[in-house]
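Source file query.cif; content: mmCIF, C-alpha atoms and all ligand atoms.
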data_start
#
loop_
_atom_site.label_atom_id
_atom_site.label_comp_id
_atom_site.auth_asym_id
_atom_site.auth_seq_id
_atom_site.Cartn_x
_atom_site.Cartn_y
_atom_site.Cartn_z
CA MET A 1 0.00 0.00 0.00
CA ASN A 2 1.20 3.50 -0.87
CA PHE A 3 0.35 6.17 1.69
CA THR A 4 -0.20 9.63 0.30
CA VAL A 5 -0.79 12.90 2.06
CA ASP A 6 -1.23 16.02 -0.07
CA GLN A 7 1.52 18.66 0.40
CA ASP A 8 -1.20 21.31 0.37
CA ILE A 9 -2.81 21.27 3.81
CA THR A 10 -5.96 22.99 2.47
CA GLN A 11 -6.56 20.00 0.20
CA ALA A 12 -5.05 17.21 2.30
CA LYS A 13 -6.73 14.30 4.01
CA THR A 14 -5.14 12.67 7.07
CA ILE A 15 -3.13 9.48 6.52
CA SER A 16 -5.18 6.33 5.95
CA THR A 17 -6.17 4.51 9.14
CA ASP A 18 -4.56 1.37 7.66
CA PHE A 19 -1.27 2.79 8.85
CA TYR A 20 -2.34 2.41 12.51
CA LEU A 21 -4.31 -0.80 12.25
CA ASN A 22 -2.31 -3.11 10.04
CA GLU A 23 0.38 -5.32 11.61
CA SER A 24 2.43 -5.48 8.41
CA HIS A 25 2.68 -1.66 8.19
CA PHE A 26 3.74 -1.66 11.82
CA GLN A 27 6.50 -4.18 11.06
CA GLN A 28 7.58 -2.29 7.93
CA SER A 29 7.85 0.96 9.89
CA LYS A 30 10.82 -0.57 11.78
CA GLU A 31 13.03 -0.47 8.74
CA LYS A 32 11.40 2.31 6.78
CA ILE A 33 10.95 4.86 9.57
CA PHE A 34 12.92 3.88 12.66
CA ALA A 35 16.05 2.49 10.97
CA ASN A 36 16.22 5.60 8.76
CA SER A 37 16.10 8.24 11.47
CA TRP A 38 17.95 9.17 14.67
CA GLN A 39 17.24 7.69 18.07
CA PHE A 40 17.98 8.86 21.62
CA ILE A 41 20.44 6.61 23.47
CA GLY A 42 21.22 8.46 26.70
CA ASP A 43 23.57 11.17 27.93
CA THR A 44 27.26 11.76 28.49
CA ASP A 45 26.91 11.32 32.28
CA GLY A 46 26.65 7.56 31.64
CA VAL A 47 30.12 7.57 30.07
CA LYS A 48 31.83 10.35 31.97
CA GLU A 49 35.35 8.95 32.36
CA LYS A 50 37.76 7.18 30.05
CA GLY A 51 37.04 3.46 29.96
CA TRP A 52 33.34 3.73 30.80
CA VAL A 53 30.98 1.55 28.79
CA THR A 54 27.17 1.58 29.00
CA PRO A 55 24.95 -0.95 27.19
CA VAL A 56 21.81 0.29 25.44
CA ASN A 57 19.05 -1.86 23.95
CA LEU A 58 17.79 0.35 21.15
CA LEU A 59 13.97 0.58 21.35
CA GLU A 60 13.47 -2.45 23.57
CA GLY A 61 10.57 -4.64 22.49
CA PHE A 62 10.59 -3.18 18.96
CA ILE A 63 13.98 -2.72 17.23
CA ASP A 64 15.88 -4.49 20.07
CA GLU A 65 19.32 -3.68 18.70
CA PRO A 66 22.03 -4.31 21.33
CA LEU A 67 24.44 -1.34 21.43
CA VAL A 68 27.12 -0.07 23.76
CA ILE A 69 28.35 3.48 24.28
CA SER A 70 32.04 3.70 25.19
CA LYS A 71 34.57 6.37 26.03
CA ASP A 72 38.05 5.47 24.81
CA LYS A 73 41.49 6.38 26.23
CA ASN A 74 41.52 9.56 24.12
CA ASP A 75 38.21 10.77 25.57
CA ARG A 76 36.38 9.96 22.35
CA LEU A 77 32.84 8.58 22.53
CA HIS A 78 31.71 5.66 20.39
CA CYS A 79 28.45 3.90 19.71
CA LEU A 80 29.22 0.25 18.94
CA SER A 81 27.38 -2.97 18.36
CA ASN A 82 27.28 -4.88 21.65
CA VAL A 83 27.44 -8.19 19.78
CA CYS A 84 30.69 -10.18 19.75
CA THR A 85 31.98 -10.76 16.22
CA HIS A 86 32.87 -14.38 17.09
CA ARG A 87 29.60 -16.17 17.82
CA GLY A 88 27.30 -13.30 18.64
CA ASN A 89 27.36 -13.18 22.44
CA LEU A 90 26.25 -9.93 24.10
CA ILE A 91 29.42 -8.43 25.50
CA VAL A 92 28.74 -5.59 27.96
CA GLU A 93 25.99 -6.41 30.46
CA ARG A 94 25.99 -3.36 32.71
CA PRO A 95 27.63 0.06 32.93
CA CYS A 96 31.23 -0.35 34.12
CA LYS A 97 34.77 0.92 33.73
CA LEU A 98 37.18 -1.22 31.67
CA ASN A 99 40.64 -1.25 30.11
CA ASP A 100 39.36 -3.15 27.13
CA ILE A 101 36.12 -4.88 26.19
CA ARG A 102 36.33 -8.65 26.73
CA CYS A 103 33.72 -11.17 25.66
CA LYS A 104 32.95 -13.62 28.48
CA TYR A 105 32.13 -16.49 26.13
CA HIS A 106 35.53 -17.30 24.55
CA GLY A 107 37.69 -14.37 25.57
CA ARG A 108 37.80 -12.20 22.44
CA ARG A 109 39.07 -8.73 23.27
CA PHE A 110 38.26 -5.41 21.68
CA GLN A 111 39.66 -1.95 22.25
CA LEU A 112 37.30 0.67 23.67
CA ASP A 113 36.86 2.07 20.14
CA GLY A 114 35.59 -1.36 19.01
CA LYS A 115 38.75 -2.47 17.16
CA PHE A 116 39.57 -6.18 17.45
CA ALA A 117 42.45 -6.69 19.92
CA SER A 118 43.01 -10.42 20.49
CA MET A 119 41.45 -13.91 20.41
CA PRO A 120 42.59 -17.17 22.00
CA GLU A 121 43.04 -20.34 19.83
CA PHE A 122 42.81 -18.54 16.51
CA LYS A 123 46.46 -18.83 15.28
CA GLU A 124 45.58 -21.23 12.43
CA VAL A 125 42.69 -19.19 11.10
CA LYS A 126 43.50 -17.72 7.69
CA ASN A 127 42.89 -14.11 6.72
CA PHE A 128 42.20 -13.17 10.35
CA PRO A 129 41.53 -10.67 11.78
CA THR A 130 39.87 -8.39 9.25
CA ALA A 131 37.73 -5.28 9.67
CA ALA A 132 34.71 -7.60 9.97
CA ASP A 133 36.11 -8.79 13.33
CA ASP A 134 35.89 -5.28 14.80
CA LEU A 135 32.69 -4.32 16.62
CA HIS A 136 30.39 -2.56 14.19
CA GLN A 137 30.62 1.21 14.67
CA LEU A 138 27.43 3.30 14.44
CA PRO A 139 27.21 7.05 13.89
CA LEU A 140 27.02 9.08 17.10
CA HIS A 141 25.50 12.52 17.36
CA THR A 142 26.03 14.60 20.49
CA TRP A 143 23.93 17.66 21.25
CA GLY A 144 24.55 19.25 24.64
CA LYS A 145 24.94 16.17 26.84
CA TRP A 146 22.44 14.06 24.89
CA LEU A 147 23.48 11.19 22.62
CA PHE A 148 21.80 9.85 19.51
CA THR A 149 22.53 7.17 16.97
CA SER A 150 21.13 5.97 13.68
CA LEU A 151 21.01 2.48 12.22
CA ASN A 152 21.57 4.10 8.82
CA SER A 153 24.94 5.85 8.64
CA LYS A 154 23.76 7.96 5.68
CA VAL A 155 21.09 9.86 7.62
CA ASN A 156 22.32 13.42 8.26
CA ALA A 157 22.08 14.42 11.94
CA GLU A 158 22.16 18.14 11.20
CA GLU A 159 18.92 17.91 9.25
CA PHE A 160 17.22 16.45 12.31
CA PHE A 161 18.75 18.49 15.12
CA ARG A 162 20.12 21.80 13.84
CA PRO A 163 16.89 23.86 14.08
CA MET A 164 16.57 22.97 17.79
CA ALA A 165 20.27 23.66 18.44
CA GLU A 166 19.99 27.08 16.79
CA ARG A 167 16.88 28.03 18.71
CA VAL A 168 17.83 27.05 22.27
CA GLY A 169 21.59 26.52 21.99
CA TRP A 170 22.05 29.55 24.28
CA MET A 171 20.85 27.46 27.25
CA PRO A 172 23.54 25.99 29.57
CA LEU A 173 22.91 22.50 28.17
CA GLN A 174 25.74 20.86 30.12
CA ASP A 175 24.15 21.95 33.41
CA PHE A 176 20.91 20.00 32.94
CA VAL A 177 20.88 17.11 35.43
CA PHE A 178 18.91 13.90 34.95
CA ARG A 179 16.49 13.29 37.84
CA PRO A 180 15.21 9.69 37.86
CA GLU A 181 12.69 10.38 40.66
CA LEU A 182 11.03 13.02 38.45
CA SER A 183 11.04 10.68 35.42
CA GLN A 184 8.38 8.13 34.55
CA ASP A 185 7.26 5.58 31.93
CA TYR A 186 3.66 5.35 30.73
CA LEU A 187 2.07 2.37 28.94
CA ILE A 188 -0.62 3.32 26.46
CA ASP A 189 -3.11 1.24 24.47
CA ALA A 190 -2.61 3.10 21.22
CA HIS A 191 -0.43 3.18 18.12
CA TRP A 192 2.74 5.24 18.59
CA ALA A 193 1.82 7.63 15.76
CA LEU A 194 -1.50 8.54 17.38
CA TYR A 195 0.43 9.65 20.45
CA CYS A 196 2.81 11.74 18.30
CA GLU A 197 0.13 13.46 16.26
CA ASN A 198 -1.76 14.45 19.39
CA TYR A 199 1.44 16.07 20.66
CA LEU A 200 1.88 17.87 17.35
CA GLU A 201 -1.14 20.14 17.68
CA GLY A 202 -2.07 22.63 20.37
CA PHE A 203 -5.60 22.66 18.95
CA HIS A 204 -6.84 20.38 21.72
CA ILE A 205 -5.36 22.39 24.61
CA PRO A 206 -8.52 24.46 25.37
CA PHE A 207 -10.68 21.31 25.13
CA VAL A 208 -8.53 18.71 26.89
CA HIS A 209 -6.10 20.57 29.17
CA ALA A 210 -7.98 23.09 31.31
CA GLY A 211 -4.98 23.57 33.65
CA LEU A 212 -2.46 24.14 30.86
CA ASN A 213 -4.93 26.39 29.04
CA SER A 214 -5.02 28.73 32.02
CA VAL A 215 -1.27 29.34 31.64
CA ILE A 216 -0.79 29.37 27.83
CA ASP A 217 -1.93 32.21 25.61
CA TYR A 218 -3.53 29.97 23.03
CA GLY A 219 -4.12 32.84 20.56
CA ASN A 220 -0.37 33.44 20.28
CA TYR A 221 0.68 29.77 20.14
CA THR A 222 2.83 29.29 17.02
CA ILE A 223 4.35 26.40 15.09
CA ASP A 224 7.52 26.41 12.94
CA LEU A 225 8.11 23.51 10.57
CA PHE A 226 11.61 22.31 9.66
CA LYS A 227 12.67 19.40 7.45
CA PHE A 228 12.55 16.60 10.05
CA SER A 229 11.47 18.49 13.14
CA ASN A 230 9.16 21.24 14.27
CA LEU A 231 8.68 23.65 17.14
CA GLN A 232 5.52 24.66 18.93
CA LEU A 233 6.13 27.82 20.90
CA GLY A 234 3.96 28.17 23.98
CA VAL A 235 3.47 31.85 24.81
CA ALA A 236 2.49 32.61 28.42
CA LYS A 237 -0.52 34.52 29.65
CA GLU A 238 0.19 37.70 31.59
CA GLY A 239 1.65 37.01 35.03
CA GLU A 240 2.71 33.41 34.27
CA LEU A 241 6.27 32.09 34.54
CA VAL A 242 8.37 32.71 31.41
CA PHE A 243 11.94 32.16 30.24
CA ASP A 244 14.42 34.92 30.99
CA LEU A 245 15.64 35.09 27.38
CA PRO A 246 19.05 36.58 26.54
CA PRO A 247 19.30 39.15 23.69
CA THR A 248 21.04 36.42 21.60
CA SER A 249 17.85 34.32 21.61
CA PRO A 250 15.79 34.52 18.39
CA ASP A 251 12.76 34.82 20.70
CA TYR A 252 14.07 37.74 22.77
CA GLY A 253 11.15 39.96 23.76
CA LYS A 254 8.57 37.15 23.63
CA ARG A 255 6.88 35.72 26.70
CA VAL A 256 7.91 32.09 26.19
CA ALA A 257 6.37 29.57 28.62
CA GLY A 258 7.66 26.46 26.87
CA TYR A 259 9.49 25.24 23.78
CA TYR A 260 7.97 22.05 22.39
CA PHE A 261 10.39 20.51 19.90
CA TRP A 262 9.53 17.33 18.07
CA VAL A 263 12.16 15.40 16.10
CA PHE A 264 10.98 12.78 13.61
CA PRO A 265 9.76 10.22 14.26
CA ASN A 266 9.38 9.76 18.03
CA MET A 267 11.33 12.29 20.11
CA MET A 268 10.04 15.33 21.98
CA PHE A 269 12.16 17.91 23.77
CA ASN A 270 10.08 20.15 26.02
CA PHE A 271 12.03 23.03 27.51
CA TYR A 272 10.52 24.87 30.47
CA PRO A 273 12.06 27.45 32.79
CA TRP A 274 12.72 24.58 35.26
CA GLY A 275 14.56 22.38 32.72
CA LEU A 276 13.81 19.79 30.06
CA SER A 277 11.35 16.94 29.73
CA ILE A 278 12.43 14.52 26.99
CA ASN A 279 9.65 12.20 25.80
CA ILE A 280 10.64 9.10 23.83
CA ILE A 281 7.73 7.30 22.17
CA LYS A 282 8.55 3.58 21.99
CA PRO A 283 6.35 1.31 19.88
CA LEU A 284 5.66 -2.08 21.51
CA GLY A 285 2.84 -3.37 19.32
CA VAL A 286 0.40 -2.10 16.77
CA SER A 287 -1.74 -0.65 19.59
CA LYS A 288 0.75 -0.69 22.50
CA THR A 289 3.22 2.09 23.19
CA LYS A 290 5.58 2.99 25.99
CA VAL A 291 6.18 6.69 26.56
CA SER A 292 9.29 7.53 28.58
CA PHE A 293 9.37 10.93 30.28
CA LEU A 294 12.94 11.84 31.22
CA SER A 295 13.34 14.93 33.40
CA TYR A 296 16.51 17.01 33.31
CA LEU A 297 16.50 19.71 35.96
CA LEU A 298 18.12 23.12 35.59
CA ASP A 299 16.41 25.37 38.16
CA GLU A 300 14.62 23.52 40.95
CA SER A 301 12.98 26.73 42.27
CA LYS A 302 10.80 26.87 39.12
CA LEU A 303 9.80 23.20 39.18
CA ARG A 304 6.08 23.36 39.95
CA GLN A 305 5.27 26.52 38.04
CA GLY A 306 4.12 27.58 34.60
CA ALA A 307 3.39 25.45 31.54
CA GLY A 308 5.55 22.56 32.81
CA ALA A 309 4.11 22.55 36.33
CA ASP A 310 2.20 19.25 36.23
CA LEU A 311 3.30 17.09 33.31
CA HIS A 312 1.74 13.96 34.84
CA LYS A 313 -1.75 15.47 34.81
CA VAL A 314 -1.38 16.69 31.21
CA GLU A 315 -0.07 13.25 30.20
CA LEU A 316 -3.10 11.46 31.67
CA GLU A 317 -5.41 13.86 29.83
CA ASP A 318 -3.56 13.14 26.57
CA GLU A 319 -3.56 9.37 27.14
CA ASP A 320 -7.28 9.40 27.68
CA VAL A 321 -8.06 11.07 24.38
CA VAL A 322 -5.41 9.14 22.40
CA GLN A 323 -6.75 5.80 23.65
CA ASN A 324 -10.25 6.87 22.62
CA VAL A 325 -8.98 7.74 19.15
CA GLN A 326 -7.39 4.28 18.93
CA LYS A 327 -10.86 2.82 19.43
CA GLY A 328 -12.44 5.30 17.03
CA ILE A 329 -10.15 4.69 14.06
CA ARG A 330 -11.19 1.02 14.05
CA SER A 331 -14.68 2.09 13.06
CA ARG A 332 -15.89 1.03 9.62
CA PHE A 333 -17.28 4.55 9.25
CA TYR A 334 -13.98 6.39 9.69
CA SER A 335 -11.12 6.27 7.17
CA HIS A 336 -9.54 9.73 7.36
CA GLY A 337 -10.20 13.34 8.36
CA ARG A 338 -9.06 16.83 7.29
CA TYR A 339 -6.68 19.37 8.88
CA SER A 340 -7.20 22.80 10.43
CA VAL A 341 -4.89 25.03 8.37
CA THR A 342 -4.16 27.29 11.33
CA ARG A 343 -3.96 24.70 14.11
CA GLU A 344 -2.80 21.42 12.60
CA PRO A 345 0.24 22.05 10.36
CA GLY A 346 2.36 19.97 12.77
CA THR A 347 0.13 16.91 12.43
CA HIS A 348 0.07 17.41 8.65
CA HIS A 349 3.90 17.66 8.65
CA PHE A 350 4.13 14.38 10.58
CA HIS A 351 1.72 12.55 8.29
CA ARG A 352 3.61 13.78 5.20
CA LEU A 353 6.89 12.45 6.63
CA VAL A 354 5.31 9.12 7.58
CA ALA A 355 3.90 8.74 4.06
CA GLU A 356 7.25 9.65 2.50
CA PHE A 357 9.26 7.22 4.66
CA MET A 358 6.76 4.36 4.19
CA LYS A 359 7.16 4.50 0.38
S1 LIG A 401 31.19 -15.19 21.25
FE1 LIG A 401 32.57 -13.76 21.98
S2 LIG A 401 34.44 -14.84 22.11
FE2 LIG A 401 33.06 -16.29 21.33
FE FE A 402 -2.06 17.36 24.93
#

Let me see the structure of the file written as structure tokens.
Ligand code: FES
Ligand SMILES: [Fe+2]
Amino acid sequence: MNFTVDQDITQAKTISTDFYLNESHFQQSKEKIFANSWQFIGDTDGVKEKGWVTPVNLLEGFIDEPLVISKDKNDRLHCLSNVCTHRGNLIVERPCKLNDIRCKYHGRRFQLDGKFASMPEFKEVKNFPTAADDLHQLPLHTWGKWLFTSLNSKVNAEEFFRPMAERVGWMPLQDFVFRPELSQDYLIDAHWALYCENYLEGFHIPFVHAGLNSVIDYGNYTIDLFKFSNLQLGVAKEGELVFDLPPTSPDYGKRVAGYYFWVFPNMMFNFYPWGLSINIIKPLGVSKTKVSFLSYLLDESKLRQGAGADLHKVELEDEDVVQNVQKGIRSRFYSHGRYSVTREPGTHHFHRLVAEFMK
């Protein structure tokens, strides 16, 4: 099936509901969408010192690619396959500090940059070692302290991340601190894309989020579209908490309550005066999704104020409506809808990208 979404939002229909309902489209999206984009894999605090290695299972329960992030003796970070090139054992089981990476199965050793180092009982083996005996190296993109990789080394990181870096790069990104006790996972009975497209419009704020609506000036809410990302700018009502923007910020003079960045296909970076809430949308099944909220604190004194005051409440309100939509799109009487030109360009942008990647 070929998904099409008209470039012209005034003409366009939303993507066919087959995309959310059909198991084979769900399976195909692994390679077509998720293997051809960038994915969040953690932050530099997990690999602070030379010799640190941290295993990562990329999109557990969906892609399930075993990776390891390492910091070598020259302070360089690497994203490597965590699969031994001998017989495929998983090598690093937990974060630890090492001199070299040693497989516990038959003792093959690798340097911290993934290069093959040694192997017992292999003297007689011809044409060994070759580059194929090194751990596979994946591309690594670092922005601030956050790390990303792609299963496709040809996908350009700048096209995904530069608009966000240019807009909020003035923030002291290295000072954001991960706070596990403020972070939480949510399990949702809905397709991952339904969760994303709900995030991508502020249209529902006055209807679904009474609390948030009392803080945000909905009339001045704007959306900027970039190639593989977009930004919803939440402008605050009079008297509400706003960013203290420096003159170097492109938004200097505006009353910004929150920056809502989305990066295709499943990453959200919500900056509030208190810090950053990263949301990673992890598909688990055609109608099962895990949403991970990761909180990075910058200014604790602003924690329970403004647009980012109660993310848990807003999340439950969103889950409720998204799970209802999951039930609704199964209806024999619904196949697609239309877009509000003023309020839904973000959802239209997402659907266009999905259709393009699923080709
Ligand atoms: S699988 Fe790693 S040394 Fe054999
Ligand atoms: Fe919402």

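Of the listed residues (A:Ala307, A:Met358, A:Val208, A:Leu67), A:Val208 comes nearest to ligand FE 402 (chain A); the distances count only C-alpha atoms and all ligand atoms.
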
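Pairwise distance (CA of Val314 (chain A), CA of Leu294 (chain A)) equals 15.1 Å.
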
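The interatomic distance for the pair CA of Arg108 (chain A) and CA of Pro120 (chain A) works out to 6.9 Å.
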
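Note that the spacing between CA of Ser301 (chain A) and CA of Tyr272 (chain A) amounts to 12.2 Å.
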
Using all atoms listed in the file, which residues of chain A come within 6 Å of ligand LIG 401 (chain A), and what is the closest atom pair for each, with the distance in Å to one decimal? Give it as CSV, sorted by chain and residue number.
residue,atom,partner,partner_atom,distance
A:Cys84,CA,A:LIG401,FE1,4.6
A:His86,CA,A:LIG401,S1,4.6
A:Arg87,CA,A:LIG401,S1,3.9
A:Gly88,CA,A:LIG401,S1,5.1
A:Asn89,CA,A:LIG401,S1,4.5
A:Cys103,CA,A:LIG401,FE1,4.6
A:Tyr105,CA,A:LIG401,FE2,4.9
A:His106,CA,A:LIG401,S2,3.6
A:Gly107,CA,A:LIG401,S2,4.8
A:Arg108,CA,A:LIG401,S2,4.3

Query raised in the report: Could you list, as a VMD selection string, all the residues within 12 Å of ligand FE 402 (chain A), counting only C-alpha atoms and all ligand atoms?
Result: chain A and resid 194 to 213 260 307 311 to 322

Query raised in the report: If we count all atoms listed in the file, what is near Met1 (chain A) at a cut-off of 12 Å, once residues fewer than 5 positions away on the same chain are taken out, given as a ChimeraX atom specification?
Result: /A:15-19,22,24-25,28,355,358-359

Report task. Excluding Phe178 (chain A) and any residue of its chain fewer than 4 positions from it, enumerate the residues within 7 Å of it, using all atoms listed in the file, and give them as a count of residues only. Result -> 3

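For the residues A:Tyr339, A:Phe176, A:Tyr186, A:Phe161, ranking by smallest atom-to-atom distance to Asp6 (chain A) using all atoms listed in the file places A:Tyr339 first.
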
Would you compute, for all listed atoms of region 267-271 of chain A, the axis-aligned bounding box grown by 6 Å on each side, and then report its centre and edge lengths in Å rounded to one decimal, as JSON?
{"center_x": 11.1, "center_y": 17.7, "center_z": 23.8, "size_x": 14.1, "size_y": 22.7, "size_z": 19.4}

Query raised in the report: Skipping near chain neighbours, those fewer than 3 positions away, what residues fall within 8 Å of Trp38 (chain A) using only C-alpha atoms, listed as a PyMOL selection string?
Result: chain A and resi 34-35+148-151+155+157+160+264

Query raised in the report: region 248-255 of chain A: which residues within 8 Å, counting all atoms listed in the file, same-chain residues fewer than 4 positions away excluded, as a VMD selection string?
Result: chain A and resid 167 to 168 170 235 to 236 242 to 243

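Taking all atoms listed in the file into account, Ile63 (chain A) lies nearest to A:Lys32 out of the set A:Lys32, A:Lys104, A:Arg76, A:Lys154.
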
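With distances restricted to only C-alpha atoms, A:Pro345 is the closest residue to Asp8 (chain A) from A:Pro345, A:Asp72, A:Arg330, A:Glu356.
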
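Nearest residue to Leu182 (chain A), choosing from A:Asp43, A:Glu23, A:Asp310, A:Glu166 and counting only C-alpha atoms: A:Asp310.
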
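Of the residues listed (A:Gln111, A:Ser118, A:Ser292, A:Asn74), A:Ser292 shows the shortest atom-to-atom separation from Leu59 (chain A); distances use only C-alpha atoms.
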
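Once all atoms listed in the file are considered, the residues situated within 6 Å of the file point (4.5, 26.8, 25.0) turn out to be Leu233, Gly234, Val235, Ala257, Gly258 and Tyr259 of chain A.
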
With a cut-off of 8 Å, could you pull out the residues of region 80-121 of chain A touching region 47-51 of chain A and give me the nearest pair of atoms for each, distance in Å to one decimal, using only C-alpha atoms, ordered by chain and ascending number, as a tab-separated table?
residue	atom	partner	partner_atom	distance
A:Lys97	CA	A:Gly51	CA	5.1
A:Leu98	CA	A:Gly51	CA	5.0
A:Asn99	CA	A:Gly51	CA	5.9
A:Asp100	CA	A:Gly51	CA	7.6
A:Leu112	CA	A:Gly51	CA	6.9

Requested in this report: Excluding Val56 (chain A) and any residue of its chain fewer than 6 positions from it, enumerate the residues within 12 Å of it, using only C-alpha atoms, and give them as a VMD selection string.
Outcome: chain A and resid 39 to 43 46 to 47 63 to 70 79 to 83 90 to 95 147 to 149
